[in-house]
file structure_8.txt (compact mmCIF, C-alpha atoms)
# COMPACT_ATOMS: atom_id res chain seq x y z
CA MET A 1 -153.59 5.21 -40.13
CA GLU A 2 -152.76 2.58 -42.73
CA THR A 3 -151.41 3.78 -46.09
CA LYS A 4 -154.31 2.40 -48.11
CA ARG A 5 -156.92 3.90 -45.81
CA PHE A 6 -155.10 7.23 -45.87
CA GLY A 7 -155.04 7.16 -49.70
CA ARG A 8 -158.78 6.53 -49.86
CA TRP A 9 -159.34 9.36 -47.40
CA LEU A 10 -157.27 11.75 -49.52
CA ARG A 11 -159.27 10.91 -52.64
CA GLN A 12 -162.48 11.84 -50.85
CA LEU A 13 -161.26 15.36 -49.98
CA SER A 14 -162.58 16.67 -53.31
CA LEU A 15 -166.10 15.80 -52.14
CA LEU A 16 -165.88 18.14 -49.14
CA THR A 17 -167.69 21.46 -49.15
CA ARG A 18 -165.84 24.71 -48.66
CA ARG A 19 -166.99 24.93 -45.05
CA GLN A 20 -165.83 21.39 -44.35
CA ARG A 21 -162.41 22.14 -45.87
CA LEU A 22 -162.04 25.18 -43.62
CA GLN A 23 -162.98 23.04 -40.61
CA LEU A 24 -160.40 20.46 -41.67
CA MET A 25 -157.69 23.12 -41.98
CA ASP A 26 -158.54 24.49 -38.53
CA ALA A 27 -158.32 20.98 -37.10
CA LEU A 28 -154.91 20.34 -38.73
CA ARG A 29 -153.35 23.72 -37.89
CA PRO A 30 -152.32 22.82 -34.27
CA ALA A 31 -150.68 19.58 -35.40
CA VAL A 32 -148.80 21.38 -38.19
CA GLY A 33 -147.66 24.08 -35.75
CA LEU A 34 -146.44 21.45 -33.28
CA ASP A 35 -144.52 19.65 -36.04
CA GLN A 36 -142.82 22.90 -37.06
CA VAL A 37 -141.78 23.68 -33.49
CA CYS A 38 -140.48 20.16 -32.86
CA GLU A 39 -138.57 20.19 -36.14
CA ALA A 40 -136.93 23.54 -35.32
CA ILE A 41 -135.90 22.28 -31.87
CA ALA A 42 -134.59 18.98 -33.24
CA CYS A 43 -132.48 20.78 -35.87
CA ALA A 44 -131.09 23.21 -33.29
CA ALA A 45 -130.17 20.51 -30.73
CA PRO A 46 -129.73 17.19 -32.58
CA ASP A 47 -127.58 15.65 -29.80
CA PRO A 48 -128.51 17.27 -26.46
CA CYS A 49 -126.54 16.51 -23.34
CA CYS A 50 -128.10 15.29 -20.10
CA PRO A 51 -129.21 18.30 -18.00
CA SER A 52 -128.59 16.33 -14.78
CA CYS A 53 -125.00 15.11 -15.25
CA GLN A 54 -123.97 16.92 -18.49
CA ALA A 55 -123.01 13.59 -20.09
CA ARG A 56 -123.52 13.05 -23.82
CA ARG A 57 -123.88 9.28 -23.58
CA SER A 58 -127.57 8.76 -24.25
CA TYR A 59 -129.90 6.74 -26.43
CA ARG A 60 -133.35 7.36 -27.84
CA HIS A 61 -136.17 6.48 -25.51
CA GLY A 62 -139.55 7.16 -27.14
CA ARG A 63 -141.14 10.55 -27.72
CA SER A 64 -142.66 13.19 -25.47
CA ARG A 65 -145.29 15.57 -26.91
CA GLY A 66 -143.70 15.41 -30.34
CA LEU A 67 -140.08 15.71 -29.18
CA GLN A 68 -137.50 12.94 -29.16
CA ARG A 69 -136.89 11.68 -25.62
CA TYR A 70 -133.51 10.34 -24.50
CA ARG A 71 -132.24 8.25 -21.60
CA CYS A 72 -128.81 9.03 -20.19
CA ARG A 73 -126.48 6.01 -19.99
CA ALA A 74 -124.54 7.64 -17.13
CA CYS A 75 -127.31 8.57 -14.66
CA GLY A 76 -130.32 6.78 -16.16
CA ARG A 77 -132.56 9.87 -16.31
CA THR A 78 -134.73 10.71 -19.29
CA PHE A 79 -134.80 14.13 -20.95
CA THR A 80 -135.64 16.04 -24.12
CA ALA A 81 -133.98 18.97 -25.86
CA LEU A 82 -136.11 21.32 -23.72
CA SER A 83 -135.20 19.78 -20.36
CA GLY A 84 -133.27 22.22 -18.21
CA THR A 85 -134.15 25.19 -20.43
CA PRO A 86 -136.55 28.07 -19.63
CA LEU A 87 -139.05 26.52 -22.08
CA SER A 88 -139.34 23.30 -20.10
CA ARG A 89 -142.93 22.48 -19.04
CA LEU A 90 -144.47 25.29 -21.12
CA ARG A 91 -147.67 24.24 -22.85
CA HIS A 92 -149.33 24.99 -26.20
CA ARG A 93 -146.16 24.35 -28.21
CA ALA A 94 -148.13 24.51 -31.44
CA LYS A 95 -148.56 28.26 -30.88
CA TRP A 96 -144.94 29.07 -30.07
CA LEU A 97 -143.82 30.08 -33.55
CA ASP A 98 -146.85 32.33 -34.02
CA TYR A 99 -146.10 33.93 -30.66
CA LEU A 100 -142.43 34.43 -31.57
CA GLY A 101 -143.60 36.08 -34.79
CA ASN A 102 -145.55 38.54 -32.65
CA MET A 103 -142.42 39.14 -30.58
CA LEU A 104 -140.46 39.97 -33.73
CA ASP A 105 -143.20 42.51 -34.47
CA ALA A 106 -142.84 43.82 -30.87
CA LYS A 107 -146.51 43.22 -30.09
CA SER A 108 -147.78 43.90 -26.57
CA VAL A 109 -148.69 41.17 -24.09
CA ARG A 110 -152.42 41.68 -24.57
CA ALA A 111 -152.24 41.95 -28.35
CA SER A 112 -150.27 38.70 -28.55
CA ALA A 113 -152.65 36.97 -26.15
CA LYS A 114 -155.66 38.04 -28.22
CA ALA A 115 -154.07 36.93 -31.50
CA LEU A 116 -153.19 33.48 -30.15
CA GLU A 117 -156.28 33.05 -27.97
CA VAL A 118 -154.32 32.49 -24.76
CA HIS A 119 -154.58 34.22 -21.39
CA ARG A 120 -152.60 37.44 -20.93
CA ASN A 121 -150.71 35.86 -18.02
CA THR A 122 -149.64 33.05 -20.35
CA SER A 123 -148.49 35.64 -22.89
CA PHE A 124 -146.48 37.47 -20.22
CA ARG A 125 -144.92 34.24 -18.97
CA TRP A 126 -143.96 33.17 -22.49
CA ARG A 127 -142.37 36.54 -23.24
CA HIS A 128 -139.90 36.35 -20.37
CA ARG A 129 -139.26 32.62 -20.71
CA PHE A 130 -138.32 33.11 -24.37
CA LEU A 131 -136.09 36.08 -23.49
CA ALA A 132 -134.34 34.42 -20.54
CA LEU A 133 -131.48 33.09 -22.72
CA VAL A 134 -131.87 35.37 -25.74
CA LYS A 135 -130.38 38.25 -23.72
CA HIS A 136 -127.11 36.27 -23.39
CA ASP A 137 -126.57 36.06 -27.16
CA ARG A 138 -123.77 38.62 -27.24
CA PRO A 139 -120.33 38.93 -28.84
CA GLU A 140 -117.53 37.65 -26.65
CA ARG A 141 -115.46 40.83 -26.90
CA LEU A 142 -115.73 44.37 -28.21
CA ALA A 143 -112.76 45.20 -30.41
CA GLY A 144 -111.43 48.07 -32.51
CA ILE A 145 -113.18 51.29 -31.52
CA ALA A 146 -115.79 50.76 -28.79
CA GLU A 147 -118.15 53.51 -27.66
CA ALA A 148 -119.67 53.54 -24.18
CA ASP A 149 -122.32 55.77 -22.66
CA GLU A 150 -125.03 55.63 -20.02
CA LEU A 151 -128.78 55.64 -20.46
CA PHE A 152 -130.93 56.61 -17.46
CA LEU A 153 -134.50 55.38 -16.99
CA LEU A 154 -136.84 56.23 -14.16
CA GLU A 155 -136.80 53.29 -11.74
CA SER A 156 -140.04 51.30 -11.83
CA GLN A 157 -141.30 48.82 -9.25
CA LYS A 158 -144.28 47.86 -11.39
CA GLY A 159 -145.83 44.61 -10.17
CA SER A 160 -144.14 44.68 -6.74
CA ARG A 161 -146.29 43.95 -3.73
CA LYS A 162 -144.24 46.26 -1.48
CA LEU A 163 -142.75 49.59 -2.57
CA ASP A 164 -139.84 51.34 -0.87
CA ARG A 165 -141.25 54.72 -1.94
CA PRO A 166 -144.66 56.36 -2.49
CA ALA A 167 -146.46 55.06 -5.57
CA ARG A 168 -146.33 57.10 -8.77
CA ARG A 169 -149.32 57.31 -11.09
CA ARG A 170 -148.77 56.61 -14.80
CA GLY A 171 -145.03 56.32 -14.30
CA GLY A 172 -144.68 59.87 -12.98
CA VAL A 173 -141.50 61.91 -12.84
CA ALA A 174 -138.55 62.09 -10.48
CA SER A 175 -138.91 64.25 -7.38
CA THR A 176 -135.62 66.05 -8.10
CA ARG A 177 -133.94 67.32 -11.25
CA GLY A 178 -130.96 65.57 -12.77
CA ILE A 179 -129.61 62.07 -12.14
CA SER A 180 -130.53 60.65 -8.74
CA ARG A 181 -131.18 57.37 -6.96
CA GLU A 182 -134.61 57.41 -8.57
CA HIS A 183 -133.01 56.48 -11.91
CA VAL A 184 -131.66 53.16 -13.13
CA CYS A 185 -128.37 53.40 -15.00
CA VAL A 186 -128.05 51.31 -18.18
CA LEU A 187 -124.49 51.17 -19.49
CA VAL A 188 -124.28 50.43 -23.23
CA ALA A 189 -121.01 49.63 -25.00
CA ARG A 190 -120.98 49.20 -28.77
CA ASP A 191 -118.12 48.75 -31.25
CA ARG A 192 -118.08 49.94 -34.85
CA THR A 193 -119.06 46.48 -36.17
CA GLY A 194 -122.37 46.66 -34.28
CA GLY A 195 -121.43 44.32 -31.43
CA THR A 196 -123.27 45.46 -28.32
CA HIS A 197 -123.16 44.80 -24.59
CA ASP A 198 -125.42 46.44 -22.04
CA PHE A 199 -125.48 46.28 -18.26
CA ILE A 200 -127.81 47.39 -15.48
CA THR A 201 -125.29 48.98 -13.12
CA GLY A 202 -127.81 50.02 -10.46
CA ARG A 203 -129.39 53.24 -9.29
CA GLY A 204 -127.78 56.63 -9.60
CA ALA A 205 -124.69 57.83 -11.44
CA LEU A 206 -122.09 55.52 -12.93
CA THR A 207 -118.89 54.81 -10.96
CA LYS A 208 -115.45 53.49 -11.96
CA ASP A 209 -115.95 50.40 -9.81
CA GLN A 210 -119.04 49.52 -11.83
CA LEU A 211 -117.02 49.96 -15.02
CA HIS A 212 -114.37 47.56 -13.72
CA GLN A 213 -117.09 45.05 -12.82
CA HIS A 214 -119.17 45.19 -15.99
CA LEU A 215 -117.27 46.79 -18.87
CA LEU A 216 -113.70 45.55 -18.42
CA PRO A 217 -114.45 41.80 -18.98
CA VAL A 218 -115.96 42.45 -22.45
CA LEU A 219 -113.27 44.79 -23.80
CA ASP A 220 -110.43 43.55 -25.96
CA PRO A 221 -107.03 44.57 -24.50
CA ASP A 222 -106.20 46.55 -27.67
CA VAL A 223 -109.54 48.34 -27.86
CA LEU A 224 -109.86 52.11 -28.15
CA LEU A 225 -112.58 53.19 -25.73
CA VAL A 226 -114.46 56.34 -26.76
CA THR A 227 -116.77 58.05 -24.25
CA ASP A 228 -117.99 61.44 -23.16
CA GLY A 229 -116.09 63.45 -20.55
CA HIS A 230 -117.45 61.63 -17.49
CA PRO A 231 -114.51 61.37 -15.01
CA ALA A 232 -115.39 57.75 -14.15
CA TYR A 233 -114.37 56.64 -17.66
CA ARG A 234 -111.03 58.42 -17.50
CA CYS A 235 -110.21 56.96 -14.11
CA PHE A 236 -111.30 53.49 -15.23
CA ALA A 237 -109.24 53.60 -18.43
CA ARG A 238 -106.15 54.76 -16.56
CA GLU A 239 -106.42 52.00 -13.95
CA ALA A 240 -107.25 49.30 -16.54
CA ASP A 241 -104.49 50.52 -18.92
CA ILE A 242 -106.93 50.87 -21.83
CA SER A 243 -106.56 53.41 -24.64
CA HIS A 244 -109.18 56.08 -24.14
CA GLN A 245 -110.45 59.13 -25.99
CA PHE A 246 -113.40 61.33 -25.11
CA VAL A 247 -115.48 64.13 -26.55
CA ASN A 248 -116.21 67.21 -24.48
CA LEU A 249 -119.96 67.56 -24.77
CA ARG A 250 -119.99 70.56 -22.43
CA ALA A 251 -117.86 72.43 -24.97
CA ASN A 252 -120.33 71.34 -27.68
CA GLU A 253 -117.78 68.92 -29.14
CA ARG A 254 -119.69 66.08 -30.79
CA VAL A 255 -117.27 64.62 -33.29
CA ARG A 256 -113.47 64.73 -33.55
CA GLY A 257 -112.54 62.58 -36.52
CA ALA A 258 -113.26 58.95 -35.56
CA VAL A 259 -113.76 59.97 -31.93
CA HIS A 260 -117.48 60.22 -31.22
CA VAL A 261 -120.29 58.40 -29.41
CA GLN A 262 -122.89 58.80 -32.15
CA ASN A 263 -123.40 55.06 -32.66
CA VAL A 264 -124.14 54.28 -29.04
CA ASN A 265 -126.35 57.38 -28.68
CA ALA A 266 -128.32 56.32 -31.76
CA TYR A 267 -128.79 52.91 -30.14
CA HIS A 268 -130.07 54.67 -26.99
CA ARG A 269 -132.59 56.59 -29.09
CA ARG A 270 -133.83 53.46 -30.86
CA PHE A 271 -134.20 51.65 -27.55
CA ARG A 272 -136.18 54.49 -25.94
CA GLN A 273 -138.51 54.77 -28.93
CA TRP A 274 -139.03 51.01 -29.04
CA LEU A 275 -139.56 50.72 -25.26
CA ALA A 276 -142.19 53.47 -25.22
CA ARG A 277 -144.75 51.20 -26.92
CA PHE A 278 -144.96 49.05 -23.78
CA HIS A 279 -146.07 52.01 -21.62
CA GLY A 280 -143.59 51.35 -18.83
CA VAL A 281 -141.82 48.15 -17.85
CA ALA A 282 -140.63 47.01 -14.44
CA SER A 283 -136.94 47.70 -13.84
CA ARG A 284 -136.35 44.08 -12.83
CA TYR A 285 -137.27 43.02 -16.39
CA LEU A 286 -135.04 45.58 -18.12
CA PRO A 287 -132.29 43.01 -18.96
CA ASN A 288 -134.86 40.99 -20.92
CA TYR A 289 -136.03 44.02 -22.87
CA LEU A 290 -132.44 45.04 -23.60
CA GLY A 291 -131.81 41.55 -24.96
CA TRP A 292 -135.03 41.72 -26.98
CA GLN A 293 -134.04 45.04 -28.55
CA TRP A 294 -130.55 43.68 -29.33
CA ALA A 295 -132.19 40.73 -31.10
CA LEU A 296 -134.40 43.04 -33.18
CA ASP A 297 -131.85 45.76 -33.89
CA GLY A 298 -130.89 45.68 -37.54
CA ALA A 299 -133.06 42.56 -38.05
CA ARG A 300 -130.28 40.50 -36.45
CA ILE A 301 -132.84 37.79 -35.67
CA ALA A 302 -135.37 37.77 -38.50
CA THR A 303 -137.32 34.51 -38.18
CA PRO A 304 -139.34 32.86 -35.38
CA GLU A 305 -137.29 29.66 -35.84
CA ARG A 306 -134.04 31.56 -35.20
CA LEU A 307 -135.54 33.21 -32.12
CA LEU A 308 -136.70 29.81 -30.86
CA ARG A 309 -133.19 28.38 -31.20
CA CYS A 310 -131.81 31.30 -29.19
CA ALA A 311 -134.52 30.76 -26.56
CA ILE A 312 -133.15 27.27 -25.86
CA GLY A 313 -129.56 28.53 -25.76
CA VAL A 314 -128.40 27.58 -29.27
CA PHE A 315 -126.77 30.70 -30.69
CA ASN A 316 -124.41 29.35 -33.35
CA THR A 317 -126.97 28.19 -35.95
call {"tool": "encode", "arguments": {"input": "structure_8.txt", "output": "C-alpha cells"}}
result
Amino acid sequence: METKRFGRWLRQLSLLTRRQRLQLMDALRPAVGLDQVCEAIACAAPDPCCPSCQARRSYRHGRSRGLQRYRCRACGRTFTALSGTPLSRLRHRAKWLDYLGNMLDAKSVRASAKALEVHRNTSFRWRHRFLALVKHDRPERLAGIAEADELFLLESQKGSRKLDRPARRRGGVASTRGISREHVCVLVARDRTGGTHDFITGRGALTKDQLHQHLLPVLDPDVLLVTDGHPAYRCFAREADISHQFVNLRANERVRGAVHVQNVNAYHRRFRQWLARFHGVASRYLPNYLGWQWALDGARIATPERLLRCAIGVFNT
C-alpha cells in the first residue's frame, strides 16, 4: 500500500466501532505472529549455510513465506534458515510462538491444540519437531563433582501397531518385582553446576559396558564421579581410571561430606512429577521428554523465542 493511502487509512481508524476494531485486531494477529517468528529466526541464523553442500557462499534470492531465501553460489540450490531443520515444511508459522509458550507451561497435546485451534495430530507433530534438536542442547563435559544414578520407568509401547508382549491397560504394572526387562533404564549424570546429561541405556539393569558407551565421553578426565554402591560404577571407574566415590545406601548412608547423590535424585523426582501430567508417554519418545525437562529445569529456557532458536539448532544465543 502506498504511504499516503496508508496514512489516510490510519486516520479513519478512529471512526471504527468497537466490534470493527476487534475484527481488525483478529485479522492482523496472524500477520503479527508470522512477523515475530520470522524475526526470531532471522536473528538466530543471520547467515545460514547451504544445507546441501554446507557452503556459506550465498546471496539473497527473494522471500519465502516471510523468511529470507538464499541461493547457494556453490551448488545453485535455494534455501532458507529452516531448510534442513526439523521445522522445515511445517505450516501455520504464525502460531509457533504461542505453541512454544504452551510448551514452556508444559501443556498437554490436546490442551495446546484447543488453545491454538489446530488438530491434535498437528499439536503432537509440532511437539516432537520442536524437541528434536532441543534435546541436544547439553554441556560438552561434566566437570568437578559429577553425580550419576539410574531412573527406571516401565517400558511403554504406546502407539505401536505390533506389541512384543500382552497389552497393559492404563499403563499397568510389571509382572515381576524389582528391576527387569520390563523397565527402561534412564542414566542421569549431573555436576554441581547443574550441567546434566541423560541417556536411555536400554531395558533392564545398568551395565559397565553401557557406562563406557554413554557416560565416559561426557566426563572430564579430572572429574570426581559420585554414585551409589552399584558394582557397575566401581568397575567402570576402575577401567576408565576415573576418581570415584560412592555412598552405601544399603547401610543407610546418604551423605558423607561432599559425597552424595542428592542432586541427581532430586532431578529424578522433578522429572517423575513433571512426566506424570502426560499420563504415560511412549518409551521411544523419552529422549525428547528428557530434553524438554532439561530445558524447563530451573527456567533455563524462559522465552518462546529462545526455545525456537534451540529448535533450529542455534544454542549459543
call {"tool": "residues_around", "arguments": {"input": "structure_8.txt", "residues": "Phe199 (chain A)", "least_positions_apart": "3", "cutoff": "7 Å", "atoms": "all atoms listed in the file", "output": "ChimeraX atom specification"}}
result
/A:186-188,214
call {"tool": "write_last_selection", "arguments": {"input": "structure_8.txt", "atoms": "C-alpha atoms", "output": "JSON list (two decimals), in the coordinates of the input"}}
result
[["chain", "number", "residue", "atom", "x", "y", "z"],
["A", 186, "VAL", "CA", -128.05, 51.31, -18.18],
["A", 187, "LEU", "CA", -124.49, 51.17, -19.49],
["A", 188, "VAL", "CA", -124.28, 50.43, -23.23],
["A", 214, "HIS", "CA", -119.17, 45.19, -15.99]]
call {"tool": "residues_around", "arguments": {"input": "structure_8.txt", "residues": "region 27-39 of chain A", "least_positions_apart": "3", "cutoff": "8 Å", "atoms": "all atoms listed in the file", "output": "ChimeraX atom specification"}}
result
/A:23-24,42-43,66-67,93-97,305
call {"tool": "closest_atom_pairs", "arguments": {"input": "structure_8.txt", "of": "region 115-175 of chain A", "to": "region 225-232 of chain A", "cutoff": "6 Å", "atoms": "all atoms listed in the file", "output": "JSON lines"}}
result
{"residue": "A:Ala146", "atom": "CA", "partner": "A:Leu225", "partner_atom": "CA", "distance": 5.1}
{"residue": "A:Glu147", "atom": "CA", "partner": "A:Val226", "partner_atom": "CA", "distance": 4.7}
{"residue": "A:Ala148", "atom": "CA", "partner": "A:Thr227", "partner_atom": "CA", "distance": 5.4}
call {"tool": "write_last_selection", "arguments": {"input": "structure_8.txt", "atoms": "C-alpha atoms", "output": "compact mmCIF listing (two decimals), keeping the file's coordinate frame"}}
result
# COMPACT_ATOMS: atom_id res chain seq x y z
CA ALA A 146 -115.79 50.76 -28.79
CA GLU A 147 -118.15 53.51 -27.66
CA ALA A 148 -119.67 53.54 -24.18
call {"tool": "atom_distance", "arguments": {"input": "structure_8.txt", "atom1": "CA of Cys72 (chain A)", "atom2": "CA of Asp47 (chain A)"}}
result
11.7 Å
call {"tool": "residues_around", "arguments": {"input": "structure_8.txt", "residues": "region 87-90 of chain A", "least_positions_apart": "6", "cutoff": "12 Å", "atoms": "only C-alpha atoms", "output": "ChimeraX atom specification"}}
result
/A:41,51,64-65,67,79-81,96,122-123,125-134,308-313
call {"tool": "residues_around", "arguments": {"input": "structure_8.txt", "residues": "region 218-220 of chain A", "least_positions_apart": "2", "cutoff": "6 Å", "atoms": "only C-alpha atoms", "output": "list of chain:residue names"}}
result
A:Arg141, A:Leu142, A:Ala143, A:Leu215, A:Leu216, A:Asp222, A:Val223
call {"tool": "atom_distance", "arguments": {"input": "structure_8.txt", "atom1": "CA of Gly202 (chain A)", "atom2": "CA of Thr85 (chain A)"}}
result
27.5 Å
call {"tool": "atom_distance", "arguments": {"input": "structure_8.txt", "atom1": "CA of Arg77 (chain A)", "atom2": "CA of Ser52 (chain A)"}}
result
7.7 Å
call {"tool": "closest_residue", "arguments": {"input": "structure_8.txt", "among": "A:Arg138, A:Arg306, A:Lys158, A:His244", "to": "Leu104 (chain A)", "atoms": "all atoms listed in the file"}}
result
A:Arg306
call {"tool": "residues_around", "arguments": {"input": "structure_8.txt", "residues": "region 297-302 of chain A", "least_positions_apart": "3", "cutoff": "12 Å", "atoms": "all atoms listed in the file", "output": "ChimeraX atom specification"}}
result
/A:100-106,134,137-138,193-196,266-271,274,289-294,305-311,315,317
call {"tool": "closest_residue", "arguments": {"input": "structure_8.txt", "among": "A:Gly84, A:Val118, A:Gly144, A:His61", "to": "Asp98 (chain A)", "atoms": "all atoms listed in the file"}}
result
A:Val118
call {"tool": "closest_residue", "arguments": {"input": "structure_8.txt", "among": "A:Asn316, A:Ile145, A:Phe152, A:Asp209", "to": "Ser243 (chain A)", "atoms": "all atoms listed in the file"}}
result
A:Ile145
call {"tool": "closest_residue", "arguments": {"input": "structure_8.txt", "among": "A:Gln54, A:Thr78, A:Asn121, A:Ser108", "to": "Ala276 (chain A)", "atoms": "only C-alpha atoms"}}
result
A:Ser108
call {"tool": "closest_residue", "arguments": {"input": "structure_8.txt", "among": "A:Arg57, A:Lys208, A:Thr201, A:Gly62", "to": "Gly76 (chain A)", "atoms": "all atoms listed in the file"}}
result
A:Arg57
call {"tool": "closest_residue", "arguments": {"input": "structure_8.txt", "among": "A:Ala44, A:Ala111, A:Val264, A:Leu116", "to": "Leu82 (chain A)", "atoms": "all atoms listed in the file"}}
result
A:Ala44
